[in-house]
Structure formats: structure tokens, C-alpha cells
file start23.cif (mmCIF, N, CA and C atoms)
data_structure
#
loop_
_atom_site.label_atom_id
_atom_site.label_comp_id
_atom_site.auth_asym_id
_atom_site.auth_seq_id
_atom_site.Cartn_x
_atom_site.Cartn_y
_atom_site.Cartn_z
N MET A 1 34.69 -22.24 26.07
CA MET A 1 34.18 -21.32 27.07
C MET A 1 35.25 -20.27 27.37
N THR A 2 34.82 -19.00 27.43
CA THR A 2 35.75 -17.94 27.79
C THR A 2 35.71 -17.70 29.29
N ILE A 3 36.79 -17.16 29.81
CA ILE A 3 36.83 -16.90 31.25
C ILE A 3 36.16 -15.59 31.63
N ILE A 4 35.93 -14.72 30.64
CA ILE A 4 35.25 -13.44 30.90
C ILE A 4 33.88 -13.51 30.25
N SER A 5 32.84 -13.28 31.02
CA SER A 5 31.48 -13.42 30.49
C SER A 5 30.90 -12.14 29.91
N ASN A 6 31.29 -10.97 30.45
CA ASN A 6 30.76 -9.73 29.93
C ASN A 6 31.44 -8.54 30.60
N VAL A 7 31.24 -7.36 30.04
CA VAL A 7 31.69 -6.13 30.68
C VAL A 7 30.66 -5.80 31.75
N SER A 8 31.11 -5.51 32.96
CA SER A 8 30.16 -5.27 34.04
C SER A 8 30.27 -3.89 34.68
N LEU A 9 31.34 -3.15 34.34
CA LEU A 9 31.56 -1.87 35.00
C LEU A 9 32.33 -0.94 34.08
N VAL A 10 31.84 0.27 33.94
CA VAL A 10 32.55 1.32 33.21
C VAL A 10 32.60 2.56 34.10
N THR A 11 33.61 3.39 33.90
CA THR A 11 33.77 4.58 34.72
C THR A 11 33.47 5.83 33.91
N VAL A 12 32.69 6.71 34.51
CA VAL A 12 32.45 8.04 33.97
C VAL A 12 32.96 9.02 35.01
N TYR A 13 33.88 9.88 34.62
CA TYR A 13 34.40 10.88 35.55
C TYR A 13 33.42 12.02 35.66
N VAL A 14 33.21 12.50 36.88
CA VAL A 14 32.22 13.54 37.15
C VAL A 14 32.83 14.58 38.09
N THR A 15 32.19 15.72 38.16
CA THR A 15 32.68 16.79 39.05
C THR A 15 32.10 16.67 40.45
N ASP A 16 30.92 16.09 40.59
CA ASP A 16 30.27 15.94 41.89
C ASP A 16 29.45 14.65 41.86
N GLN A 17 29.80 13.69 42.71
CA GLN A 17 29.14 12.39 42.67
C GLN A 17 27.66 12.46 43.03
N THR A 18 27.30 13.26 44.02
CA THR A 18 25.90 13.36 44.43
C THR A 18 25.05 13.97 43.32
N GLU A 19 25.51 15.10 42.77
CA GLU A 19 24.76 15.76 41.70
C GLU A 19 24.69 14.88 40.45
N SER A 20 25.77 14.21 40.12
CA SER A 20 25.78 13.35 38.93
C SER A 20 24.87 12.14 39.11
N LYS A 21 24.91 11.54 40.29
CA LYS A 21 24.02 10.40 40.55
C LYS A 21 22.58 10.83 40.34
N GLN A 22 22.19 11.99 40.87
CA GLN A 22 20.83 12.47 40.71
C GLN A 22 20.51 12.75 39.25
N TRP A 23 21.47 13.32 38.50
CA TRP A 23 21.25 13.63 37.09
C TRP A 23 20.98 12.34 36.30
N TYR A 24 21.81 11.32 36.50
CA TYR A 24 21.63 10.07 35.77
C TYR A 24 20.31 9.39 36.15
N ILE A 25 19.89 9.53 37.39
CA ILE A 25 18.62 8.95 37.83
C ILE A 25 17.45 9.77 37.30
N ASP A 26 17.46 11.09 37.54
CA ASP A 26 16.33 11.94 37.16
C ASP A 26 16.19 12.15 35.66
N LYS A 27 17.30 12.34 34.98
CA LYS A 27 17.25 12.67 33.55
C LYS A 27 17.22 11.43 32.66
N LEU A 28 18.04 10.42 32.96
CA LEU A 28 18.15 9.25 32.08
C LEU A 28 17.38 8.03 32.57
N GLY A 29 16.86 8.08 33.79
CA GLY A 29 16.08 6.95 34.30
C GLY A 29 16.91 5.81 34.83
N PHE A 30 18.19 6.06 35.12
CA PHE A 30 19.03 5.03 35.72
C PHE A 30 18.61 4.82 37.17
N VAL A 31 19.12 3.76 37.78
CA VAL A 31 18.86 3.48 39.20
C VAL A 31 20.18 3.40 39.93
N GLU A 32 20.15 3.76 41.20
CA GLU A 32 21.35 3.64 42.05
C GLU A 32 21.61 2.17 42.34
N THR A 33 22.87 1.76 42.19
CA THR A 33 23.25 0.39 42.55
C THR A 33 24.20 0.35 43.74
N ALA A 34 24.90 1.46 43.99
CA ALA A 34 25.77 1.52 45.18
C ALA A 34 26.10 2.98 45.48
N ASP A 35 26.23 3.28 46.75
CA ASP A 35 26.74 4.57 47.23
C ASP A 35 27.36 4.30 48.59
N ILE A 36 28.67 4.03 48.56
CA ILE A 36 29.37 3.56 49.75
C ILE A 36 30.60 4.42 49.99
N THR A 37 30.79 4.87 51.23
CA THR A 37 32.02 5.56 51.61
C THR A 37 32.91 4.55 52.31
N MET A 38 34.17 4.50 51.86
CA MET A 38 35.09 3.49 52.37
C MET A 38 36.38 4.12 52.87
N GLY A 39 36.98 3.50 53.84
CA GLY A 39 38.31 3.88 54.31
C GLY A 39 38.35 5.19 55.07
N ASP A 40 39.53 5.50 55.58
CA ASP A 40 39.75 6.70 56.37
C ASP A 40 39.79 7.97 55.52
N ASN A 41 40.06 7.82 54.24
CA ASN A 41 40.18 9.00 53.38
C ASN A 41 38.85 9.44 52.79
N GLY A 42 37.74 8.74 53.11
CA GLY A 42 36.42 9.13 52.63
C GLY A 42 36.16 8.77 51.18
N PHE A 43 36.92 7.82 50.61
CA PHE A 43 36.71 7.40 49.23
C PHE A 43 35.27 6.95 49.06
N ARG A 44 34.62 7.45 48.01
CA ARG A 44 33.21 7.15 47.78
C ARG A 44 33.05 6.37 46.48
N TRP A 45 32.35 5.25 46.56
CA TRP A 45 32.06 4.38 45.43
C TRP A 45 30.58 4.55 45.09
N VAL A 46 30.30 5.17 43.93
CA VAL A 46 28.93 5.44 43.51
C VAL A 46 28.72 4.80 42.15
N THR A 47 27.68 3.96 42.05
CA THR A 47 27.36 3.34 40.77
C THR A 47 25.87 3.46 40.48
N VAL A 48 25.57 3.54 39.18
CA VAL A 48 24.19 3.56 38.69
C VAL A 48 24.12 2.57 37.53
N ALA A 49 22.90 2.20 37.16
CA ALA A 49 22.71 1.29 36.03
C ALA A 49 21.39 1.59 35.36
N GLN A 50 21.31 1.21 34.09
CA GLN A 50 20.04 1.29 33.37
C GLN A 50 19.21 0.13 33.92
N PRO A 51 17.95 0.37 34.34
CA PRO A 51 17.21 -0.66 35.07
C PRO A 51 17.01 -1.98 34.32
N ASP A 52 16.95 -1.94 32.99
CA ASP A 52 16.77 -3.18 32.23
C ASP A 52 18.07 -3.94 32.03
N HIS A 53 19.19 -3.32 32.39
CA HIS A 53 20.50 -3.96 32.23
C HIS A 53 21.38 -3.72 33.47
N PRO A 54 20.96 -4.24 34.61
CA PRO A 54 21.72 -4.01 35.85
C PRO A 54 23.09 -4.68 35.85
N GLU A 55 23.35 -5.55 34.88
CA GLU A 55 24.65 -6.22 34.82
C GLU A 55 25.77 -5.29 34.38
N LEU A 56 25.43 -4.10 33.85
CA LEU A 56 26.45 -3.12 33.47
C LEU A 56 26.27 -1.87 34.32
N GLU A 57 27.15 -1.72 35.29
CA GLU A 57 27.09 -0.57 36.18
C GLU A 57 28.02 0.54 35.68
N VAL A 58 27.61 1.77 35.94
CA VAL A 58 28.41 2.94 35.61
C VAL A 58 28.91 3.53 36.91
N THR A 59 30.23 3.55 37.08
CA THR A 59 30.83 4.16 38.26
C THR A 59 30.96 5.66 38.02
N LEU A 60 30.43 6.45 38.92
CA LEU A 60 30.55 7.91 38.84
C LEU A 60 31.70 8.30 39.75
N MET A 61 32.83 8.64 39.14
CA MET A 61 34.08 8.82 39.87
C MET A 61 34.63 10.23 39.68
N VAL A 62 35.01 10.86 40.76
CA VAL A 62 35.70 12.16 40.70
C VAL A 62 37.16 11.88 40.33
N PRO A 63 37.72 12.60 39.34
CA PRO A 63 39.11 12.36 38.98
C PRO A 63 40.04 12.59 40.17
N GLY A 64 40.83 11.61 40.49
CA GLY A 64 41.76 11.68 41.62
C GLY A 64 42.49 10.36 41.73
N PRO A 65 43.09 10.09 42.87
CA PRO A 65 43.83 8.84 43.04
C PRO A 65 42.95 7.64 42.67
N PRO A 66 43.48 6.67 41.98
CA PRO A 66 44.89 6.38 41.73
C PRO A 66 45.47 7.09 40.50
N LEU A 67 44.71 7.99 39.87
CA LEU A 67 45.25 8.73 38.72
C LEU A 67 46.38 9.64 39.19
N THR A 68 47.32 9.93 38.32
CA THR A 68 48.33 10.93 38.64
C THR A 68 47.65 12.29 38.69
N ASP A 69 48.28 13.24 39.36
CA ASP A 69 47.72 14.59 39.42
C ASP A 69 47.55 15.19 38.03
N ASP A 70 48.53 14.95 37.15
CA ASP A 70 48.47 15.49 35.78
C ASP A 70 47.30 14.90 35.01
N LEU A 71 47.10 13.59 35.11
CA LEU A 71 46.01 12.96 34.38
C LEU A 71 44.66 13.40 34.94
N ALA A 72 44.53 13.46 36.26
CA ALA A 72 43.27 13.92 36.87
C ALA A 72 42.95 15.34 36.41
N GLU A 73 43.96 16.20 36.36
CA GLU A 73 43.75 17.58 35.91
C GLU A 73 43.35 17.62 34.44
N ALA A 74 43.96 16.79 33.61
CA ALA A 74 43.61 16.73 32.18
C ALA A 74 42.15 16.31 32.00
N ILE A 75 41.70 15.34 32.78
CA ILE A 75 40.30 14.90 32.71
C ILE A 75 39.37 16.02 33.15
N ARG A 76 39.71 16.70 34.25
CA ARG A 76 38.88 17.83 34.71
C ARG A 76 38.79 18.91 33.64
N ARG A 77 39.93 19.20 32.97
CA ARG A 77 39.91 20.21 31.89
C ARG A 77 39.03 19.78 30.73
N SER A 78 39.13 18.51 30.33
CA SER A 78 38.32 18.06 29.20
C SER A 78 36.83 18.05 29.54
N MET A 79 36.48 17.77 30.79
CA MET A 79 35.07 17.87 31.19
C MET A 79 34.63 19.32 31.16
N ALA A 80 35.45 20.22 31.69
CA ALA A 80 35.11 21.65 31.70
C ALA A 80 34.96 22.20 30.30
N ASP A 81 35.80 21.71 29.37
CA ASP A 81 35.72 22.14 27.97
C ASP A 81 34.57 21.49 27.22
N GLY A 82 33.96 20.47 27.82
CA GLY A 82 32.88 19.75 27.14
C GLY A 82 33.37 18.84 26.04
N THR A 83 34.60 18.35 26.17
CA THR A 83 35.17 17.49 25.12
C THR A 83 35.46 16.08 25.61
N HIS A 84 34.98 15.74 26.79
CA HIS A 84 35.27 14.42 27.36
C HIS A 84 34.14 13.45 27.00
N GLY A 85 34.45 12.45 26.18
CA GLY A 85 33.47 11.43 25.83
C GLY A 85 33.31 10.44 26.96
N ALA A 86 32.09 9.93 27.13
CA ALA A 86 31.85 9.03 28.25
C ALA A 86 31.17 7.73 27.85
N LEU A 87 29.96 7.80 27.35
CA LEU A 87 29.17 6.58 27.12
C LEU A 87 28.45 6.63 25.79
N GLY A 88 28.16 5.46 25.26
CA GLY A 88 27.22 5.31 24.15
C GLY A 88 25.96 4.68 24.71
N LEU A 89 24.83 5.27 24.40
CA LEU A 89 23.54 4.80 24.90
C LEU A 89 22.66 4.41 23.72
N ARG A 90 22.08 3.24 23.76
CA ARG A 90 21.22 2.78 22.68
C ARG A 90 19.77 3.15 22.96
N THR A 91 19.05 3.49 21.89
CA THR A 91 17.63 3.77 21.98
C THR A 91 16.93 3.15 20.77
N GLU A 92 15.67 2.84 20.92
CA GLU A 92 14.90 2.31 19.80
C GLU A 92 14.40 3.43 18.88
N ASN A 93 14.28 4.66 19.43
CA ASN A 93 13.76 5.78 18.66
C ASN A 93 14.48 7.05 19.10
N CYS A 94 15.49 7.46 18.36
CA CYS A 94 16.33 8.59 18.75
C CYS A 94 15.54 9.89 18.79
N GLN A 95 14.65 10.11 17.83
CA GLN A 95 13.87 11.35 17.80
C GLN A 95 12.97 11.45 19.02
N LYS A 96 12.29 10.36 19.36
CA LYS A 96 11.42 10.34 20.54
C LYS A 96 12.24 10.56 21.81
N ALA A 97 13.39 9.88 21.92
CA ALA A 97 14.27 10.07 23.08
C ALA A 97 14.73 11.51 23.18
N PHE A 98 15.08 12.10 22.04
CA PHE A 98 15.48 13.51 22.00
C PHE A 98 14.38 14.40 22.57
N GLU A 99 13.15 14.19 22.13
CA GLU A 99 12.03 15.00 22.59
C GLU A 99 11.78 14.82 24.09
N GLU A 100 11.78 13.57 24.56
CA GLU A 100 11.53 13.30 25.98
C GLU A 100 12.64 13.84 26.87
N LEU A 101 13.89 13.65 26.46
CA LEU A 101 15.01 14.13 27.27
C LEU A 101 15.12 15.65 27.24
N THR A 102 14.83 16.26 26.12
CA THR A 102 14.81 17.73 26.04
C THR A 102 13.77 18.28 27.01
N ALA A 103 12.60 17.64 27.07
CA ALA A 103 11.54 18.07 28.00
C ALA A 103 11.98 17.96 29.46
N LYS A 104 12.93 17.06 29.75
CA LYS A 104 13.47 16.90 31.11
C LYS A 104 14.63 17.85 31.38
N GLY A 105 14.98 18.66 30.39
CA GLY A 105 16.07 19.62 30.58
C GLY A 105 17.44 19.12 30.20
N VAL A 106 17.53 17.98 29.51
CA VAL A 106 18.82 17.46 29.09
C VAL A 106 19.36 18.33 27.95
N GLU A 107 20.64 18.68 28.05
CA GLU A 107 21.29 19.50 27.02
C GLU A 107 21.79 18.61 25.89
N PHE A 108 21.35 18.91 24.68
CA PHE A 108 21.85 18.22 23.49
C PHE A 108 22.82 19.13 22.77
N ILE A 109 23.99 18.60 22.44
CA ILE A 109 24.93 19.39 21.65
C ILE A 109 24.84 19.01 20.18
N GLN A 110 24.09 17.95 19.90
CA GLN A 110 23.76 17.60 18.51
C GLN A 110 22.40 16.93 18.50
N PRO A 111 21.44 17.46 17.75
CA PRO A 111 20.14 16.80 17.66
C PRO A 111 20.27 15.52 16.83
N PRO A 112 19.21 14.72 16.77
CA PRO A 112 19.28 13.49 15.98
C PRO A 112 19.70 13.77 14.54
N ALA A 113 20.64 12.95 14.06
CA ALA A 113 21.15 13.10 12.70
C ALA A 113 21.39 11.71 12.12
N GLU A 114 21.14 11.57 10.82
CA GLU A 114 21.37 10.30 10.12
C GLU A 114 22.86 10.02 10.04
N ARG A 115 23.22 8.79 10.32
CA ARG A 115 24.58 8.29 10.20
C ARG A 115 24.52 6.95 9.48
N PRO A 116 25.62 6.45 8.96
CA PRO A 116 25.58 5.16 8.28
C PRO A 116 25.08 4.02 9.17
N TYR A 117 25.34 4.11 10.44
CA TYR A 117 24.99 3.06 11.40
C TYR A 117 23.67 3.29 12.11
N GLY A 118 22.99 4.42 11.81
CA GLY A 118 21.71 4.71 12.44
C GLY A 118 21.49 6.18 12.63
N VAL A 119 20.69 6.52 13.62
CA VAL A 119 20.41 7.90 13.97
C VAL A 119 21.13 8.19 15.28
N GLU A 120 21.84 9.33 15.33
CA GLU A 120 22.68 9.64 16.48
C GLU A 120 22.39 11.06 16.97
N ALA A 121 22.38 11.21 18.28
CA ALA A 121 22.31 12.52 18.93
C ALA A 121 23.36 12.52 20.03
N ILE A 122 23.80 13.72 20.44
CA ILE A 122 24.82 13.81 21.48
C ILE A 122 24.31 14.68 22.62
N ILE A 123 24.40 14.12 23.82
CA ILE A 123 23.96 14.74 25.07
C ILE A 123 25.19 15.21 25.83
N ARG A 124 25.01 16.27 26.63
CA ARG A 124 26.04 16.64 27.59
C ARG A 124 25.47 16.43 28.99
N ASP A 125 26.20 15.68 29.83
CA ASP A 125 25.71 15.48 31.20
C ASP A 125 26.08 16.69 32.06
N ASN A 126 25.72 16.65 33.33
CA ASN A 126 25.93 17.81 34.20
C ASN A 126 27.38 18.02 34.60
N SER A 127 28.28 17.11 34.20
CA SER A 127 29.72 17.30 34.44
C SER A 127 30.46 17.72 33.18
N GLY A 128 29.76 17.82 32.06
CA GLY A 128 30.39 18.22 30.81
C GLY A 128 30.74 17.07 29.89
N ASN A 129 30.53 15.83 30.34
CA ASN A 129 30.79 14.66 29.48
C ASN A 129 29.78 14.62 28.35
N TRP A 130 30.22 14.14 27.18
CA TRP A 130 29.22 13.91 26.14
C TRP A 130 28.90 12.44 26.06
N LEU A 131 27.60 12.18 25.86
CA LEU A 131 27.06 10.84 25.76
C LEU A 131 26.41 10.71 24.39
N VAL A 132 26.74 9.67 23.68
CA VAL A 132 26.19 9.46 22.34
C VAL A 132 24.94 8.59 22.47
N LEU A 133 23.84 9.08 21.92
CA LEU A 133 22.57 8.37 21.93
C LEU A 133 22.36 7.84 20.51
N VAL A 134 22.23 6.51 20.35
CA VAL A 134 22.19 5.92 19.01
C VAL A 134 21.00 4.98 18.84
N GLU A 135 20.30 5.18 17.75
CA GLU A 135 19.29 4.24 17.25
C GLU A 135 19.98 3.47 16.14
N ASN A 136 20.39 2.26 16.42
CA ASN A 136 21.19 1.47 15.47
C ASN A 136 20.39 1.01 14.27
N ARG A 137 21.11 0.84 13.17
CA ARG A 137 20.55 0.20 11.97
C ARG A 137 21.63 -0.70 11.41
N GLU A 138 21.22 -1.77 10.77
CA GLU A 138 22.19 -2.68 10.18
C GLU A 138 22.80 -2.05 8.94
N PHE A 139 24.08 -2.27 8.76
CA PHE A 139 24.76 -1.84 7.55
C PHE A 139 25.97 -2.72 7.33
N ASP A 140 26.45 -2.74 6.09
CA ASP A 140 27.60 -3.56 5.74
C ASP A 140 28.67 -2.66 5.15
N PRO A 141 29.64 -2.23 5.96
CA PRO A 141 30.67 -1.30 5.46
C PRO A 141 31.51 -1.91 4.35
N SER A 142 31.62 -3.24 4.29
CA SER A 142 32.44 -3.86 3.24
C SER A 142 31.78 -3.73 1.87
N LYS A 143 30.49 -3.43 1.84
CA LYS A 143 29.77 -3.28 0.57
C LYS A 143 29.47 -1.82 0.27
N GLY A 144 30.06 -0.91 1.04
CA GLY A 144 29.77 0.51 0.82
C GLY A 144 28.37 0.89 1.23
N ASP A 145 27.79 0.12 2.13
CA ASP A 145 26.41 0.31 2.57
C ASP A 145 26.39 1.36 3.68
N PHE A 146 26.49 2.63 3.29
CA PHE A 146 26.60 3.69 4.28
C PHE A 146 25.37 4.61 4.32
N GLY A 147 24.43 4.41 3.47
CA GLY A 147 23.29 5.33 3.40
C GLY A 147 22.15 4.90 4.30
N PRO A 148 21.24 5.84 4.58
CA PRO A 148 20.07 5.51 5.40
C PRO A 148 19.15 4.56 4.65
N ARG A 149 18.43 3.77 5.38
CA ARG A 149 17.47 2.84 4.78
C ARG A 149 16.11 3.49 4.66
#
call {"tool": "encode", "arguments": {"input": "start23.cif", "output": "C-alpha cells"}}
result
Amino acid sequence: MTIISNVSLVTVYVTDQTESKQWYIDKLGFVETADITMGDNGFRWVTVAQPDHPELEVTLMVPGPPLTDDLAEAIRRSMADGTHGALGLRTENCQKAFEELTAKGVEFIQPPAERPYGVEAIIRDNSGNWLVLVENREFDPSKGDFGPR
């Protein structure tokens, strides 16, 4: 038996917690799991989750303490440049997800494309993070099995 059962929390840095929470709910269909202001400094803890997998929460965090000022600024720059990677999202049908999310106004920086591991598209969230949307397929890299099925 292992002492760790699963990953339960990941952080996505955002420029505005309220706007990002709404984006993840309205565009991706996530649900709010927490929105709490704590302490005298107004620290805000905001989490969302995919409704079928509430055991993995996504913390929507503004870059700041406990990060150093330099690191927080580097994260803000990478979000502004649109080069900050955030999450991988699984789908059963990447093309269908692309069509539905495009209709909701989601910005794609790469439409669905064949990859050795499946079909992949890349989304940009409202903070500039890119999210990889993947329809997985089985492959065996040790056998050179890199082509589409």
C-alpha cells in the first residue's frame, strides 16, 4: 500500500480569479469547489473541478506570495506572451470538442491534429495559459508505433 492515493490539486496561474473561475465554468463546464477569502491580507483560495472527477481540483491562483517577486513576474510575462502551459485535458472526441468549444468562444491556437498518442488541440484560456486537449490512443513507442490507427 502506498501512502499517497492520488493527485488531488493542481495550480493554474491566472490574471483574475473571478474572471477565470467564470471562464472555466462557462467555457469548459467545470464546477466551483471553493471560493474563500482568508486572513487579513485578503488571500483568496479559488478552486474548480471537472464535475465527473471532483477528486482533482484546479486552484486558480494569481501569481504572488509565496512566490518570489521575480518568479511571479516571470509567470505573468509568460501568461501575457501566451507561452505558459497549464493543463492537459482528456476528451473522447477531439474534433467534436473543438467544434463545441469554438461555438462557446474558446480560442484555439492549434486545431485538432494527429499525434502518435492521439488527436491533440491546444486552447488558450482567458489568462493566456495554453491547455492541451487530447483524445488518447494506444501506442507502443518501443516498437516505433507512432502512426495514426
call {"tool": "atom_distance", "arguments": {"input": "start23.cif", "atom1": "atom N of Arg124 (chain A)", "atom2": "CA of Val106 (chain A)"}}
result
6.8 Å
call {"tool": "axis_aligned_box", "arguments": {"input": "start23.cif", "around": "region 49-60 of chain A", "padding_each_side": "5 Å", "output": "AutoDock Vina command-line options"}}
result
--center_x 24.2 --center_y 1.0 --center_z 35.9 --size_x 24.9 --size_y 24.5 --size_z 17.7
call {"tool": "resolve_selection", "arguments": {"input": "start23.cif", "expression": "the PyMOL selection byres (((chain A and resi 121 and name CA) around 9) and name CA)", "output": "PyMOL selection string"}}
result
chain A and resi 94-95+98+108-113+119-120+122-123+131-135
call {"tool": "residues_around", "arguments": {"input": "start23.cif", "residues": "region 61-78 of chain A", "least_positions_apart": "5", "cutoff": "6 Å", "atoms": "all atoms listed in the file", "output": "compact mmCIF listing (two decimals) with N, CA and C atoms, in the coordinates of the input"}}
result
# COMPACT_ATOMS: atom_id res chain seq x y z
N THR A 11 33.61 3.39 33.90
CA THR A 11 33.77 4.58 34.72
C THR A 11 33.47 5.83 33.91
N VAL A 12 32.69 6.71 34.51
CA VAL A 12 32.45 8.04 33.97
C VAL A 12 32.96 9.02 35.01
N TYR A 13 33.88 9.88 34.62
CA TYR A 13 34.40 10.88 35.55
C TYR A 13 33.42 12.02 35.66
N VAL A 14 33.21 12.50 36.88
CA VAL A 14 32.22 13.54 37.15
C VAL A 14 32.83 14.58 38.09
N THR A 15 32.19 15.72 38.16
CA THR A 15 32.68 16.79 39.05
C THR A 15 32.10 16.67 40.45
N THR A 83 34.60 18.35 26.17
CA THR A 83 35.17 17.49 25.12
C THR A 83 35.46 16.08 25.61
N HIS A 84 34.98 15.74 26.79
CA HIS A 84 35.27 14.42 27.36
C HIS A 84 34.14 13.45 27.00
call {"tool": "closest_residue", "arguments": {"input": "start23.cif", "among": "A:Ala86, A:Ile25, A:Met79, A:Ala34", "to": "Val10 (chain A)", "atoms": "only C-alpha atoms"}}
result
A:Ala86
call {"tool": "resolve_selection", "arguments": {"input": "start23.cif", "expression": "the PyMOL selection byres ((chain A and resi 136) around 7)", "output": "PyMOL selection string"}}
result
chain A and resi 90-92+117-119+134-135+137-138
call {"tool": "residues_near_point", "arguments": {"input": "start23.cif", "point": "(20.9, 9.1, 44.2)", "cutoff": "12 Å", "atoms": "only C-alpha atoms", "output": "PyMOL selection string"}}
result
chain A and resi 16-27+29-36+46-49+60
call {"tool": "residues_around", "arguments": {"input": "start23.cif", "residues": "Ser5 (chain A)", "least_positions_apart": "3", "cutoff": "12 Å", "atoms": "only C-alpha atoms", "output": "mmCIF file with N, CA and C atoms, in the coordinates of the input"}}
result
data_model
loop_
_atom_site.group_PDB
_atom_site.id
_atom_site.type_symbol
_atom_site.label_atom_id
_atom_site.label_comp_id
_atom_site.auth_asym_id
_atom_site.auth_seq_id
_atom_site.Cartn_x
_atom_site.Cartn_y
_atom_site.Cartn_z
ATOM 1 N N MET A 1 34.690 -22.240 26.070
ATOM 2 C CA MET A 1 34.180 -21.320 27.070
ATOM 3 C C MET A 1 35.250 -20.270 27.370
ATOM 4 N N THR A 2 34.820 -19.000 27.430
ATOM 5 C CA THR A 2 35.750 -17.940 27.790
ATOM 6 C C THR A 2 35.710 -17.700 29.290
ATOM 7 N N SER A 8 31.110 -5.510 32.960
ATOM 8 C CA SER A 8 30.160 -5.270 34.040
ATOM 9 C C SER A 8 30.270 -3.890 34.680
ATOM 10 N N GLU A 55 23.350 -5.550 34.880
ATOM 11 C CA GLU A 55 24.650 -6.220 34.820
ATOM 12 C C GLU A 55 25.770 -5.290 34.380
ATOM 13 N N LEU A 56 25.430 -4.100 33.850
ATOM 14 C CA LEU A 56 26.450 -3.120 33.470
ATOM 15 C C LEU A 56 26.270 -1.870 34.320
#
call {"tool": "atom_distance", "arguments": {"input": "start23.cif", "atom1": "atom C of Asn126 (chain A)", "atom2": "CA of Gly82 (chain A)"}}
result
9.4 Å
call {"tool": "atom_distance", "arguments": {"input": "start23.cif", "atom1": "atom C of Asp52 (chain A)", "atom2": "atom C of Ile4 (chain A)"}}
result
18.6 Å
call {"tool": "select_by_dssp", "arguments": {"input": "start23.cif", "residues": "chain A", "states": "strand (DSSP E or B)", "output": "VMD selection string"}}
result
chain A and resid 9 to 13 31 to 38 43 to 49 57 to 61 85 to 90 107 to 115 118 to 124 130 to 136
call {"tool": "select_by_dssp", "arguments": {"input": "start23.cif", "residues": "chain A", "states": "alpha helix (DSSP H)", "output": "number ranges by chain"}}
result
A: 17-28, 69-81, 94-103
call {"tool": "closest_residue", "arguments": {"input": "start23.cif", "among": "A:Asp125, A:Gly39, A:Ala80, A:Ile3", "to": "Glu107 (chain A)", "atoms": "all atoms listed in the file"}}
result
A:Asp125
